[in-house]
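These notes concern the structure reproduced below.
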Amino acid sequence: MAMQTGENEQGLRKVIDLTRMISITLLLLHFYYYSYDAFKLWGWTATISDRLLINVSKTGLFNVFHRSKLLALGFLLLSLLGVKGKKSETLTYKIALSYLTIGFTVFFISAFSFYLETSVRTIAVLYMTLTTVGYILILTGGSLLTRIIKAHLSKDVFNKANETFPQEEDLLENEYSINLPAQYNLKGKLRRSWINIINPMRGLLVIGSPGAGKSYFVIEHVIRQHIEKGFSMFIYDYKYDDLTKLAYNHFLKHCDRYKVKPKFFLINIDDLQHSHRCNPLDPLNMLDITDAVEAARIIMLGLNRSWLKRQGEFFVESPINFLTAIIWFLRKYENGQYCTLPHAIEMMQVEVDKLFSVLRTEPEIEAYINPFISAYMTNSMEQLEGQLDSAKICVARLSSPSLYYILSGNDFTLDINNPLAPKIVSLANNPQKQEVYGPILSLYMTRMTKIINKKHQLKTSLVIDEFSTLTFLGFDTLIATGRSNKIATTLAIQDTSQLKLNYGRELADIVTNICGNMIVGQVGGEIAKQVSEKLGKTLQDRESMSINSNDTSLSRTKQLESAVPVSTISALSSGEFVGMVADNPDQKITLKTFHASIVNDYKKINADSVNYQPLPEIRKISHKEVETTYQIIKQDVSDIVEAMIDEILNTPGKGHLLIKK
């Protein structure tokens with residue numbers, strides 16, 4: 001096969017050489033015929049050549065001046081068709097065509113030499129020189145044309161056009177959906193699209209570094225659209241008051257969308273005049289001791305984030321059991337009249353012998369306090385002090401008049417999806433006081449999610465910005481069981497590394513994997529790799545070029561490559577997101593994956609924000625009133641202990657409960 005190819009190339013070369021020789025011969029005959037007088041003066045004529053010229057002229061070759069010249073040019077151009085010169089990437093059509101243009105001009109303009117009034121010899125030399133120069137320029141230009149690389153690789157350096165793919169362009173709505181208007185690039189053309197989150201009950205996870213646009217382009221849409229669709233709502237506003245003010249004003253504008261008009265409530269520990277009061281340990285919702293265990297665990301783990309990774313260890317579980325016992329005792333005492341977190345905190349500070357004597361009066365918590373009593377009675381003081389001090393030191397951070405005031409009242413209950421009394425509740429945090437406020441807000445969140453997760457309630461939207469700042473256990477259960485109870489959960493985080501730092505790898509993986517809908521802005525590292533793999537691969541064009549002295553070959557193939565590579569996710573602009581949505585059995589979405597820029601109506605948003613009403617003032621309150629509440633709680637605990645000690649001493653059969661050393 002190779003030998004046959006070589007023979008073909010050699011034969012082609014001979015044909016090209018012969019064609020070019022014919023062209024040169026015709027041009028020489030042209031010169032000899034039309035410059036015969038000059039050749040004769042030079043003595044370059046002969047009888048045999050004259051006879052040959054006469055015979056050739058009889059063919060009509062020289063009847064027209066340009067006939068022989070054009071014929072010579074035709075054979076020259078014919079010989080160039082088979083030329084294969086060494087290819088060069090620097091050559092362009094502009095260079096080759098310049099040579100050809102000048103060559104053709106000189107080749108034909110040389111005929112004007114015969115109109116000059118000068119000697120025959122001069123005319124002949126000038127004519128033949130110009131024609132020869134033009135001939136050579138045409139030959140050079142034609143050769144350059146054959147050396148130009150006609151096939152070029154794509155100019156798309158970053159392969160952006162190849163990484164585009166079709167996306168959902170139809171608006172798909174239902175009574176729960178969140179629909180984000182967007183635009184995407186498809187092979188270099190911008191097209192309108194929709195990010196249709198038609199089943200937010202399967203969880204929506206929003207990830208993006210600071211400034212990626214999580215709140216402005218996604219969270220705010222969720223709040224607006226769910227209020228417009230009549231959802232009860234719970235908002236964790238980490239950077240108060242952006243989301244709260246939006247929710248409040250949108251609620252005022254669209255409160256007529258609800259069958260029963262909801263009420264708006266705000267917990268803001270920093271500003272008591274703009275805050276409602278709510279007892280997260282409301283006895284009506286503390287149905288059994290497991291509720292007390294859950295509350296104690298959230299408080300303790302929230303105050304010691306490092307304990308999240310050490311659950312089950314002795315010095316982690318002991319403080320939790322201690323607080324559990326106190327909470328449940330308060331729940332049972334006088335039907336829960338004093339069942340609040342401030343009362344529990346104050347009760348932890350009571351003298352050990354009195355406290356244990358009082359707690360022993362409640363049989364249900366006997367198993368929780370017996371290890372402490374045994375350590376106390378056997379003088380294992382080092383162990384006991386370690387158990388109790390780790391609890392007391394933690395909760396001491398929560399001992400403040402403003403916290404006690406907020407946590408001891410009950411302006412509203414946490415059953416926000418109650419059909420008879422729907423609510424929109426916002427929790428305000430302060431990043432500068434995260435260590436203190438975080439555990440309290442986590443307790444509100446945990447208790448609320450347990451209360452609302454039941455049948456026959458209103459559809460509910462939970463919007464949790466900066467989820468990693470909360471201590472929220474049982475999230476996987478909320479997504480799994482809340483879906484059937486019409487609870488739509490939206491979580492926003494900056495990076496999964498924050499979750500791993502606070503919760504550990506296992507819980508962080510649960511959060512990122514359990515949500516059916518995912519919207520990801522600019523992120524890097526491990527999460528970018530996970531997202532890229534989750535979005536899958538698309539069939540993309542690949543090109544390669546091979547250049548040698550004879551020819552250029554261009555190879556085009558199709559390969560499966562990442563639809564959105566890690567490098568693309570790491571370089572997303574603000575407002576640009578990738579991700580995947582989930583669908584319903586009765587409302588299928590074929591194109592679930594997206595890479596688009598969310599389009600906000602900036603003029604409308606800015607116009608609305610200018611007209612926002614300020615958040616309402618709840619009450620006028622003085623520092624003296626707050627301090628009075630603080631002192632009342634302390635006195636309540638003192639009275640409870642004294643009353644229980646008196647009851648033990650004065651009730652036959654209870655004397656054994658009193659602990660003395």
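Residue numbering restarts at 1 in every chain; chains get A, B, ... in the order shown in the structure tokens, and ligands count up from 1 in that same order.
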
Residue set, stretch 413-594 of chain A restricted to strand (DSSP E or B), as number ranges by chain: A: 423-428, 460-464, 487-493, 517-520, 537-547, 552-562, 576-580, 584, 587, 593-594

Export C-alpha atoms of the chosen residues as a PDB file, in the first residue's frame?
ATOM      1  CA  LYS A 423     -47.313  32.626  60.979  1.00  0.00           C
ATOM      2  CA  ILE A 424     -44.278  34.083  59.284  1.00  0.00           C
ATOM      3  CA  VAL A 425     -41.417  34.007  61.772  1.00  0.00           C
ATOM      4  CA  SER A 426     -37.925  35.452  61.401  1.00  0.00           C
ATOM      5  CA  LEU A 427     -34.930  34.733  63.620  1.00  0.00           C
ATOM      6  CA  ALA A 428     -32.362  37.526  63.653  1.00  0.00           C
ATOM      7  CA  THR A 460     -44.460  25.607  55.050  1.00  0.00           C
ATOM      8  CA  SER A 461     -41.232  27.118  53.780  1.00  0.00           C
ATOM      9  CA  LEU A 462     -38.063  26.991  55.903  1.00  0.00           C
ATOM     10  CA  VAL A 463     -35.396  29.406  54.675  1.00  0.00           C
ATOM     11  CA  ILE A 464     -32.077  28.964  56.466  1.00  0.00           C
ATOM     12  CA  ILE A 487     -42.419  21.339  54.256  1.00  0.00           C
ATOM     13  CA  ALA A 488     -40.072  22.984  51.746  1.00  0.00           C
ATOM     14  CA  THR A 489     -36.554  23.467  53.120  1.00  0.00           C
ATOM     15  CA  THR A 490     -34.022  25.870  51.606  1.00  0.00           C
ATOM     16  CA  LEU A 491     -30.470  25.790  52.961  1.00  0.00           C
ATOM     17  CA  ALA A 492     -27.679  28.192  52.041  1.00  0.00           C
ATOM     18  CA  ILE A 493     -24.022  27.547  52.877  1.00  0.00           C
ATOM     19  CA  ASN A 517     -32.407  20.377  44.222  1.00  0.00           C
ATOM     20  CA  MET A 518     -28.970  21.990  44.141  1.00  0.00           C
ATOM     21  CA  ILE A 519     -27.920  25.490  43.035  1.00  0.00           C
ATOM     22  CA  VAL A 520     -24.185  26.182  43.138  1.00  0.00           C
ATOM     23  CA  LYS A 537     -20.975  14.441  31.176  1.00  0.00           C
ATOM     24  CA  THR A 538     -21.946  15.594  27.696  1.00  0.00           C
ATOM     25  CA  LEU A 539     -20.778  14.558  24.231  1.00  0.00           C
ATOM     26  CA  GLN A 540     -18.232  17.170  23.109  1.00  0.00           C
ATOM     27  CA  ASP A 541     -16.224  17.756  19.919  1.00  0.00           C
ATOM     28  CA  ARG A 542     -12.461  17.243  20.017  1.00  0.00           C
ATOM     29  CA  GLU A 543      -9.979  18.345  17.304  1.00  0.00           C
ATOM     30  CA  SER A 544      -6.333  17.553  16.593  1.00  0.00           C
ATOM     31  CA  MET A 545      -4.081  18.721  13.748  1.00  0.00           C
ATOM     32  CA  SER A 546      -1.022  17.040  12.228  1.00  0.00           C
ATOM     33  CA  ILE A 547       1.290  19.063   9.937  1.00  0.00           C
ATOM     34  CA  THR A 552      -2.080  18.750   6.841  1.00  0.00           C
ATOM     35  CA  SER A 553      -4.520  16.398   8.503  1.00  0.00           C
ATOM     36  CA  LEU A 554      -7.313  17.480  10.891  1.00  0.00           C
ATOM     37  CA  SER A 555      -8.956  14.874  13.108  1.00  0.00           C
ATOM     38  CA  ARG A 556     -12.379  15.459  14.687  1.00  0.00           C
ATOM     39  CA  THR A 557     -13.859  13.132  17.315  1.00  0.00           C
ATOM     40  CA  LYS A 558     -16.636  13.192  19.925  1.00  0.00           C
ATOM     41  CA  GLN A 559     -15.889  12.349  23.551  1.00  0.00           C
ATOM     42  CA  LEU A 560     -17.804  12.305  26.820  1.00  0.00           C
ATOM     43  CA  GLU A 561     -16.463  15.118  28.993  1.00  0.00           C
ATOM     44  CA  SER A 562     -17.713  16.902  32.119  1.00  0.00           C
ATOM     45  CA  GLU A 576     -24.126  32.657  37.545  1.00  0.00           C
ATOM     46  CA  PHE A 577     -25.048  29.215  38.845  1.00  0.00           C
ATOM     47  CA  VAL A 578     -24.856  25.541  37.953  1.00  0.00           C
ATOM     48  CA  GLY A 579     -26.923  22.767  39.410  1.00  0.00           C
ATOM     49  CA  MET A 580     -29.680  20.237  39.083  1.00  0.00           C
ATOM     50  CA  ASN A 584     -42.418  14.981  40.173  1.00  0.00           C
ATOM     51  CA  GLN A 587     -44.534  16.636  36.074  1.00  0.00           C
ATOM     52  CA  THR A 593     -29.082  20.133  34.690  1.00  0.00           C
ATOM     53  CA  PHE A 594     -28.401  23.838  34.171  1.00  0.00           C
TER      54      PHE A 594
END

Spatial neighbours of stretch 12-24 of chain A, max dist 7 Å, only C-alpha atoms, sep filter under 4 positions, as an mmCIF file with N, CA and C atoms, in the first residue's frame:
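That gives us result.cif:
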data_model
loop_
_atom_site.group_PDB
_atom_site.id
_atom_site.type_symbol
_atom_site.label_atom_id
_atom_site.label_comp_id
_atom_site.auth_asym_id
_atom_site.auth_seq_id
_atom_site.Cartn_x
_atom_site.Cartn_y
_atom_site.Cartn_z
ATOM 1 N N ASN A 8 2.386 6.645 -6.931
ATOM 2 C CA ASN A 8 1.393 7.640 -7.356
ATOM 3 C C ASN A 8 1.940 9.049 -7.204
ATOM 4 N N LEU A 28 8.304 30.933 -24.212
ATOM 5 C CA LEU A 28 9.516 31.218 -25.001
ATOM 6 C C LEU A 28 9.174 31.397 -26.480
ATOM 7 N N ALA A 72 0.057 29.730 -22.057
ATOM 8 C CA ALA A 72 1.200 29.468 -21.174
ATOM 9 C C ALA A 72 0.790 29.643 -19.710
ATOM 10 N N LEU A 73 -0.011 30.690 -19.473
ATOM 11 C CA LEU A 73 -0.477 30.937 -18.117
ATOM 12 C C LEU A 73 -1.398 29.816 -17.648
ATOM 13 N N PHE A 75 -1.370 26.606 -18.544
ATOM 14 C CA PHE A 75 -0.581 25.420 -18.177
ATOM 15 C C PHE A 75 0.153 25.630 -16.845
ATOM 16 N N LEU A 76 0.564 26.888 -16.579
ATOM 17 C CA LEU A 76 1.229 27.181 -15.312
ATOM 18 C C LEU A 76 0.261 26.957 -14.142
ATOM 19 N N SER A 79 -0.391 23.344 -13.504
ATOM 20 C CA SER A 79 0.700 22.657 -12.801
ATOM 21 C C SER A 79 0.674 22.937 -11.298
ATOM 22 N N GLY A 82 -1.470 20.518 -8.451
ATOM 23 C CA GLY A 82 -0.962 19.312 -7.792
ATOM 24 C C GLY A 82 0.217 19.558 -6.886
#

What's around stretch 606-616 of chain A at 10 Å? Count only C-alpha atoms, leave out sequence neighbours fewer than 4 positions away in its own chain, and write the answer as an mmCIF file with C-alpha atoms, in the first residue's frame.
data_model
loop_
_atom_site.group_PDB
_atom_site.id
_atom_site.type_symbol
_atom_site.label_atom_id
_atom_site.label_comp_id
_atom_site.auth_asym_id
_atom_site.auth_seq_id
_atom_site.Cartn_x
_atom_site.Cartn_y
_atom_site.Cartn_z
ATOM 1 C CA ASP A 241 -32.292 42.642 58.568
ATOM 2 C CA THR A 244 -36.560 39.975 57.395
ATOM 3 C CA LYS A 245 -37.409 43.341 55.873
ATOM 4 C CA LEU A 246 -38.040 41.723 52.487
ATOM 5 C CA TYR A 248 -42.242 41.596 56.111
ATOM 6 C CA ASN A 249 -42.942 43.969 53.228
ATOM 7 C CA HIS A 250 -43.809 41.196 50.802
ATOM 8 C CA LEU A 252 -47.902 43.129 53.756
ATOM 9 C CA PHE A 264 -45.583 38.250 61.395
ATOM 10 C CA PHE A 265 -43.236 37.558 64.320
ATOM 11 C CA LEU A 266 -39.599 38.452 64.887
ATOM 12 C CA GLN A 273 -38.328 46.734 71.268
ATOM 13 C CA HIS A 274 -38.494 45.106 67.830
ATOM 14 C CA SER A 275 -38.662 41.558 69.130
ATOM 15 C CA ASP A 601 -35.515 42.674 37.405
ATOM 16 C CA TYR A 602 -33.140 45.195 39.003
#

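When only C-alpha atoms are used to compute distances to A:Leu284, the closest of the residues A:Thr413, A:Ser318, A:Ser177, A:Gln311 turns out to be A:Thr413.
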
Close residues, stretch 397-399 of chain A itself excluded, 10 Å, only C-alpha atoms, min 4 positions apart in chain, as a list in words: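 Near neighbours after the sequence-gap exclusion: Ile299, Leu303, Leu341, Pro342, Ile345, Glu346, Lys392, Ile393, Leu403, Tyr404, Glu435, Val436, Tyr437, Pro439, Ile440 and Tyr630 of chain A.
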
Nearest to A:Val260 by atom-to-atom distance, counting only C-alpha atoms, from A:Phe356, A:Thr290, A:Pro422, A:Thr324: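 Between A:Phe356, A:Thr290, A:Pro422, A:Thr324, the residue approaching A:Val260 most closely is A:Pro422.
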
Helix (DSSP H, G or I) call set, DSSP backbone run, stretch 246-326 of chain A, as a PyMOL selection string: chain A and resi 246-257+272-274+283-285+289-303+305-310+314-326

For stretch 211-226 of chain A: contacts at 6 Å, only C-alpha atoms, fewer than 5 positions along chain excluded, given as a PyMOL selection string: chain A and resi 231+521-522+574-575

Take the residues from that selection and write them out as a JSON list (two decimals), in the first residue's frame, keeping C-alpha atoms.
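Output contents, as saved in again_13.json:
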[["chain", "number", "residue", "atom", "x", "y", "z"],
["A", 231, "PHE", "CA", -46.81, 29.46, 52.52],
["A", 521, "GLY", "CA", -22.39, 29.48, 42.60],
["A", 522, "GLN", "CA", -18.65, 30.08, 42.62],
["A", 574, "SER", "CA", -21.84, 36.59, 40.63],
["A", 575, "GLY", "CA", -25.37, 35.55, 39.68]]

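Between A:Asn485 and the residues A:His30, A:His343, A:Glu334, A:Asn417, the shortest atom-to-atom distance, using only C-alpha atoms, involves A:Asn417.
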
Close residues, A:Ile406 itself excluded, 7 Å, only C-alpha atoms, min 4 positions apart in chain, as a ChimeraX atom specification: /A:269,277-278,402

Residue nearest A:Trp328 among A:Leu301, A:Val316, A:Ala111, A:Ala292 (counting only C-alpha atoms):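 Residue with the minimum atom-to-atom distance to A:Trp328: A:Ala292.
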
Selection near A:Thr471, 7 Å with only C-alpha atoms, sequence-local residues under 3 positions removed, as a tab-separated table (two decimals) with N, CA and C atoms, in the first residue's frame:
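What follows is the written file out-v7.tsv:
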chain	number	residue	atom	x	y	z
A	298	ILE	N	-29.25	20.09	71.95
A	298	ILE	CA	-29.04	21.23	71.06
A	298	ILE	C	-28.32	22.36	71.78
A	302	GLY	N	-24.60	23.24	70.85
A	302	GLY	CA	-24.48	24.57	70.26
A	302	GLY	C	-23.45	25.42	70.98
A	439	PRO	N	-26.65	29.02	69.77
A	439	PRO	CA	-27.35	27.90	70.44
A	439	PRO	C	-28.82	28.18	70.68
A	442	SER	N	-30.62	27.95	67.40
A	442	SER	CA	-30.66	26.53	67.03
A	442	SER	C	-31.77	25.80	67.78
